[in-house]
Amino acid sequence: MWNTIAPQELDDNVFKLIGDGWMLITAGGMDGWNTMTASWGGMGVLWNKTVCFCFIRPQRHTYGFMERGDYFTLSFFDEEYRKALNYCGTVSGRDKDKAAETGLKPVKSASGGVYFEQARLALECRKIYYQDIEPSHILHTNIDGIYPNKDYHRMYVGEIVNCLSKAD
């Protein structure tokens, strides 16, 4: 059973939630979507809105879905789903049906997007801004080393329009 809560009611440590626990970024609708695992991102307040931000490289299959749609979701899972998250981060949705391969069950969000039944937390977000990582703005050379192929991420900022938490 899902409960709708205000983002301000989240008890999770965002650093652990995203950096240690990982998340699935999903874009598209039930008629066509893709998801990918991410451990980069954040949550906060921007322009008087509760927001999250995430990063996608242009060669990822999810990128095209994100570009075409107005909404995306972030799904967070308990540790028992680590294997599924690892699969979704290493196998392309161009080649495999990630839901079928992992057993994750897609659920239609209020905006028509997709999150997953097994998640413990799902954020439905409306895109409000994007920005490509600009190499000339990287101030530390060790960060630029993350991009040996110069395939810089695009950052998406989404207003959190629905925050769903699993009931205990």
# chains A, B, ... in the order shown; residues from 1 in each chain; ligands from 1
>>> residues_around(residues="A:Glu124", least_positions_apart="6", cutoff="7 Å", atoms="only C-alpha atoms", output="PDB file with C-alpha atoms, in the first residue's frame")
ATOM      1  CA  PHE A  72      10.202  11.143 -14.918  1.00  0.00           C
ATOM      2  CA  THR A  73      10.297   9.085 -11.750  1.00  0.00           C
ATOM      3  CA  LEU A  74      12.934   8.142  -9.223  1.00  0.00           C
ATOM      4  CA  ILE A 160       8.534  16.664  -7.144  1.00  0.00           C
ATOM      5  CA  VAL A 161       4.813  16.521  -7.914  1.00  0.00           C
ATOM      6  CA  ASN A 162       4.065  13.260  -6.134  1.00  0.00           C
ATOM      7  CA  CYS A 163       5.959  11.534  -3.335  1.00  0.00           C
TER       8      CYS A 163
END
>>> select_by_dssp(residues="stretch 9-151 of chain A", states="helix (DSSP H, G or I)", output="number ranges by chain")
A: 9, 14-20, 61-68, 79-90, 98-102, 135-137, 141-144
>>> write_last_selection(atoms="N, CA and C atoms", output="compact mmCIF listing (two decimals), in the first residue's frame")
# COMPACT_ATOMS: atom_id res chain seq x y z
N GLU A 9 8.39 15.38 4.41
CA GLU A 9 8.18 14.35 5.42
C GLU A 9 9.15 13.18 5.29
N VAL A 14 19.48 11.67 2.34
CA VAL A 14 19.57 11.71 0.88
C VAL A 14 20.91 11.18 0.39
N PHE A 15 21.99 11.41 1.13
CA PHE A 15 23.30 10.93 0.72
C PHE A 15 23.33 9.40 0.70
N LYS A 16 22.73 8.78 1.70
CA LYS A 16 22.66 7.32 1.74
C LYS A 16 21.64 6.79 0.73
N LEU A 17 20.52 7.47 0.63
CA LEU A 17 19.44 7.04 -0.26
C LEU A 17 19.92 6.95 -1.70
N ILE A 18 20.64 7.97 -2.17
CA ILE A 18 21.08 8.01 -3.57
C ILE A 18 22.47 7.41 -3.73
N GLY A 19 23.42 7.88 -2.96
CA GLY A 19 24.80 7.46 -3.15
C GLY A 19 25.08 6.02 -2.77
N ASP A 20 24.49 5.57 -1.69
CA ASP A 20 24.72 4.19 -1.23
C ASP A 20 23.63 3.24 -1.71
N HIS A 61 20.09 4.74 -23.15
CA HIS A 61 18.78 4.55 -23.77
C HIS A 61 17.72 5.41 -23.08
N THR A 62 17.84 5.58 -21.80
CA THR A 62 16.89 6.39 -21.03
C THR A 62 16.90 7.86 -21.47
N TYR A 63 18.03 8.32 -21.97
CA TYR A 63 18.17 9.72 -22.37
C TYR A 63 17.09 10.13 -23.38
N GLY A 64 16.85 9.35 -24.39
CA GLY A 64 15.84 9.68 -25.40
C GLY A 64 14.45 9.76 -24.80
N PHE A 65 14.13 8.85 -23.90
CA PHE A 65 12.83 8.89 -23.23
C PHE A 65 12.71 10.15 -22.37
N MET A 66 13.79 10.50 -21.70
CA MET A 66 13.79 11.69 -20.85
C MET A 66 13.61 12.94 -21.70
N GLU A 67 14.24 12.98 -22.84
CA GLU A 67 14.14 14.14 -23.73
C GLU A 67 12.72 14.31 -24.28
N ARG A 68 12.06 13.22 -24.56
CA ARG A 68 10.73 13.29 -25.18
C ARG A 68 9.60 13.58 -24.20
N GLU A 79 17.59 -3.01 0.20
CA GLU A 79 18.84 -3.67 -0.21
C GLU A 79 18.59 -4.99 -0.95
N GLU A 80 17.52 -5.67 -0.67
CA GLU A 80 17.26 -6.96 -1.33
C GLU A 80 17.12 -6.84 -2.85
N TYR A 81 16.96 -5.64 -3.36
CA TYR A 81 16.83 -5.43 -4.80
C TYR A 81 18.13 -4.96 -5.45
N ARG A 82 19.23 -5.04 -4.74
CA ARG A 82 20.52 -4.58 -5.25
C ARG A 82 20.88 -5.29 -6.57
N LYS A 83 20.62 -6.58 -6.67
CA LYS A 83 20.94 -7.31 -7.90
C LYS A 83 20.15 -6.75 -9.09
N ALA A 84 18.87 -6.45 -8.88
CA ALA A 84 18.04 -5.87 -9.95
C ALA A 84 18.56 -4.49 -10.33
N LEU A 85 18.95 -3.69 -9.34
CA LEU A 85 19.48 -2.36 -9.62
C LEU A 85 20.80 -2.46 -10.38
N ASN A 86 21.64 -3.40 -10.01
CA ASN A 86 22.89 -3.59 -10.72
C ASN A 86 22.61 -3.97 -12.18
N TYR A 87 21.66 -4.86 -12.40
CA TYR A 87 21.29 -5.26 -13.76
C TYR A 87 20.82 -4.04 -14.57
N CYS A 88 19.94 -3.24 -13.97
CA CYS A 88 19.38 -2.08 -14.68
C CYS A 88 20.43 -1.01 -14.97
N GLY A 89 21.55 -1.07 -14.29
CA GLY A 89 22.62 -0.12 -14.52
C GLY A 89 23.69 -0.61 -15.48
N THR A 90 23.67 -1.92 -15.79
CA THR A 90 24.73 -2.47 -16.64
C THR A 90 24.22 -3.04 -17.96
N LYS A 98 14.14 -4.99 -19.22
CA LYS A 98 14.66 -4.97 -17.85
C LYS A 98 13.63 -5.45 -16.83
N ALA A 99 12.37 -5.14 -17.04
CA ALA A 99 11.34 -5.59 -16.10
C ALA A 99 11.24 -7.11 -16.13
N ALA A 100 11.20 -7.68 -17.31
CA ALA A 100 11.09 -9.14 -17.44
C ALA A 100 12.32 -9.83 -16.85
N GLU A 101 13.49 -9.27 -17.09
CA GLU A 101 14.74 -9.88 -16.63
C GLU A 101 14.93 -9.79 -15.12
N THR A 102 14.41 -8.73 -14.50
CA THR A 102 14.63 -8.52 -13.06
C THR A 102 13.42 -8.89 -12.20
N PRO A 135 32.31 21.25 -19.84
CA PRO A 135 33.68 20.90 -19.44
C PRO A 135 34.50 22.09 -18.95
N SER A 136 34.32 23.25 -19.53
CA SER A 136 35.11 24.41 -19.11
C SER A 136 34.74 24.90 -17.71
N HIS A 137 33.62 24.40 -17.18
CA HIS A 137 33.20 24.80 -15.83
C HIS A 137 33.67 23.81 -14.76
N THR A 141 40.65 19.01 -11.99
CA THR A 141 41.02 18.11 -13.09
C THR A 141 40.68 16.65 -12.79
N ASN A 142 40.65 16.26 -11.53
CA ASN A 142 40.33 14.87 -11.22
C ASN A 142 38.87 14.54 -11.58
N ILE A 143 37.99 15.52 -11.61
CA ILE A 143 36.61 15.29 -12.02
C ILE A 143 36.54 15.06 -13.52
N ASP A 144 37.29 15.81 -14.27
CA ASP A 144 37.27 15.63 -15.72
C ASP A 144 37.70 14.21 -16.11
>>> residues_around(residues="stretch 109-112 of chain A", least_positions_apart="4", cutoff="12 Å", atoms="only C-alpha atoms", output="count of residues only")
30
>>> select_by_dssp(residues="stretch 71-133 of chain A", states="strand (DSSP E or B)", output="JSON, numbers by chain")
{"A": [71, 72, 73, 74, 75, 76, 106, 107, 108, 114, 115, 116, 121, 122, 123, 124, 125, 126, 127, 128, 129, 130, 131, 132]}
>>> write_last_selection(atoms="N, CA and C atoms", output="JSON list (two decimals), in the first residue's frame")
[["chain", "number", "residue", "atom", "x", "y", "z"],
["A", 71, "TYR", "N", 7.79, 14.25, -17.77],
["A", 71, "TYR", "CA", 7.87, 13.71, -16.42],
["A", 71, "TYR", "C", 8.87, 12.57, -16.37],
["A", 72, "PHE", "N", 9.37, 12.32, -15.18],
["A", 72, "PHE", "CA", 10.20, 11.14, -14.92],
["A", 72, "PHE", "C", 9.98, 10.74, -13.48],
["A", 73, "THR", "N", 10.41, 9.54, -13.13],
["A", 73, "THR", "CA", 10.30, 9.09, -11.75],
["A", 73, "THR", "C", 11.66, 8.64, -11.23],
["A", 74, "LEU", "N", 11.80, 8.72, -9.93],
["A", 74, "LEU", "CA", 12.93, 8.14, -9.22],
["A", 74, "LEU", "C", 12.36, 7.11, -8.26],
["A", 75, "SER", "N", 12.84, 5.88, -8.36],
["A", 75, "SER", "CA", 12.36, 4.80, -7.49],
["A", 75, "SER", "C", 13.51, 4.32, -6.62],
["A", 76, "PHE", "N", 13.23, 4.12, -5.34],
["A", 76, "PHE", "CA", 14.22, 3.71, -4.36],
["A", 76, "PHE", "C", 13.78, 2.39, -3.74],
["A", 106, "PRO", "N", 6.35, -2.74, -13.36],
["A", 106, "PRO", "CA", 6.05, -1.32, -13.59],
["A", 106, "PRO", "C", 4.64, -0.97, -13.16],
["A", 107, "VAL", "N", 4.50, 0.22, -12.60],
["A", 107, "VAL", "CA", 3.22, 0.77, -12.15],
["A", 107, "VAL", "C", 3.05, 2.12, -12.82],
["A", 108, "LYS", "N", 1.85, 2.41, -13.28],
["A", 108, "LYS", "CA", 1.58, 3.70, -13.92],
["A", 108, "LYS", "C", 1.45, 4.79, -12.87],
["A", 114, "VAL", "N", 6.17, 5.85, -15.14],
["A", 114, "VAL", "CA", 6.37, 4.50, -14.62],
["A", 114, "VAL", "C", 7.23, 4.54, -13.36],
["A", 115, "TYR", "N", 6.78, 3.84, -12.33],
["A", 115, "TYR", "CA", 7.64, 3.53, -11.18],
["A", 115, "TYR", "C", 7.45, 2.04, -10.91],
["A", 116, "PHE", "N", 7.96, 1.52, -9.82],
["A", 116, "PHE", "CA", 7.98, 0.08, -9.64],
["A", 116, "PHE", "C", 7.32, -0.36, -8.34],
["A", 121, "LEU", "N", 10.02, 3.78, -2.09],
["A", 121, "LEU", "CA", 9.80, 5.20, -2.25],
["A", 121, "LEU", "C", 9.83, 5.53, -3.73],
["A", 122, "ALA", "N", 8.89, 6.33, -4.18],
["A", 122, "ALA", "CA", 8.87, 6.75, -5.58],
["A", 122, "ALA", "C", 8.56, 8.24, -5.65],
["A", 123, "LEU", "N", 9.36, 8.95, -6.41],
["A", 123, "LEU", "CA", 9.16, 10.38, -6.62],
["A", 123, "LEU", "C", 8.76, 10.59, -8.06],
["A", 124, "GLU", "N", 7.63, 11.21, -8.27],
["A", 124, "GLU", "CA", 7.18, 11.57, -9.60],
["A", 124, "GLU", "C", 7.54, 13.03, -9.82],
["A", 125, "CYS", "N", 8.25, 13.30, -10.90],
["A", 125, "CYS", "CA", 8.83, 14.62, -11.11],
["A", 125, "CYS", "C", 8.47, 15.19, -12.48],
["A", 126, "ARG", "N", 8.19, 16.48, -12.50],
["A", 126, "ARG", "CA", 7.98, 17.21, -13.75],
["A", 126, "ARG", "C", 9.27, 17.96, -14.07],
["A", 127, "LYS", "N", 9.80, 17.73, -15.26],
["A", 127, "LYS", "CA", 11.02, 18.42, -15.66],
["A", 127, "LYS", "C", 10.78, 19.93, -15.67],
["A", 128, "ILE", "N", 11.69, 20.66, -15.02],
["A", 128, "ILE", "CA", 11.58, 22.12, -15.04],
["A", 128, "ILE", "C", 12.86, 22.79, -15.53],
["A", 129, "TYR", "N", 13.93, 22.00, -15.68],
["A", 129, "TYR", "CA", 15.20, 22.59, -16.13],
["A", 129, "TYR", "C", 16.13, 21.47, -16.54],
["A", 130, "TYR", "N", 17.00, 21.77, -17.49],
["A", 130, "TYR", "CA", 18.10, 20.87, -17.80],
["A", 130, "TYR", "C", 19.32, 21.69, -18.14],
["A", 131, "GLN", "N", 20.46, 21.07, -18.00],
["A", 131, "GLN", "CA", 21.73, 21.74, -18.29],
["A", 131, "GLN", "C", 22.75, 20.67, -18.61],
["A", 132, "ASP", "N", 23.46, 20.86, -19.70],
["A", 132, "ASP", "CA", 24.55, 19.95, -20.03],
["A", 132, "ASP", "C", 25.78, 20.32, -19.20]]
>>> residues_around(residues="stretch 47-58 of chain A", least_positions_apart="3", cutoff="7 Å", atoms="only C-alpha atoms", output="PyMOL selection string")
chain A and resi 40-44+63+151-160
>>> atom_distance(atom1="atom CA of A:Glu134", atom2="atom CA of A:Ile25")
22.0 Å
>>> atom_distance(atom1="atom CA of A:Ala119", atom2="atom CA of A:Ser165")
8.6 Å
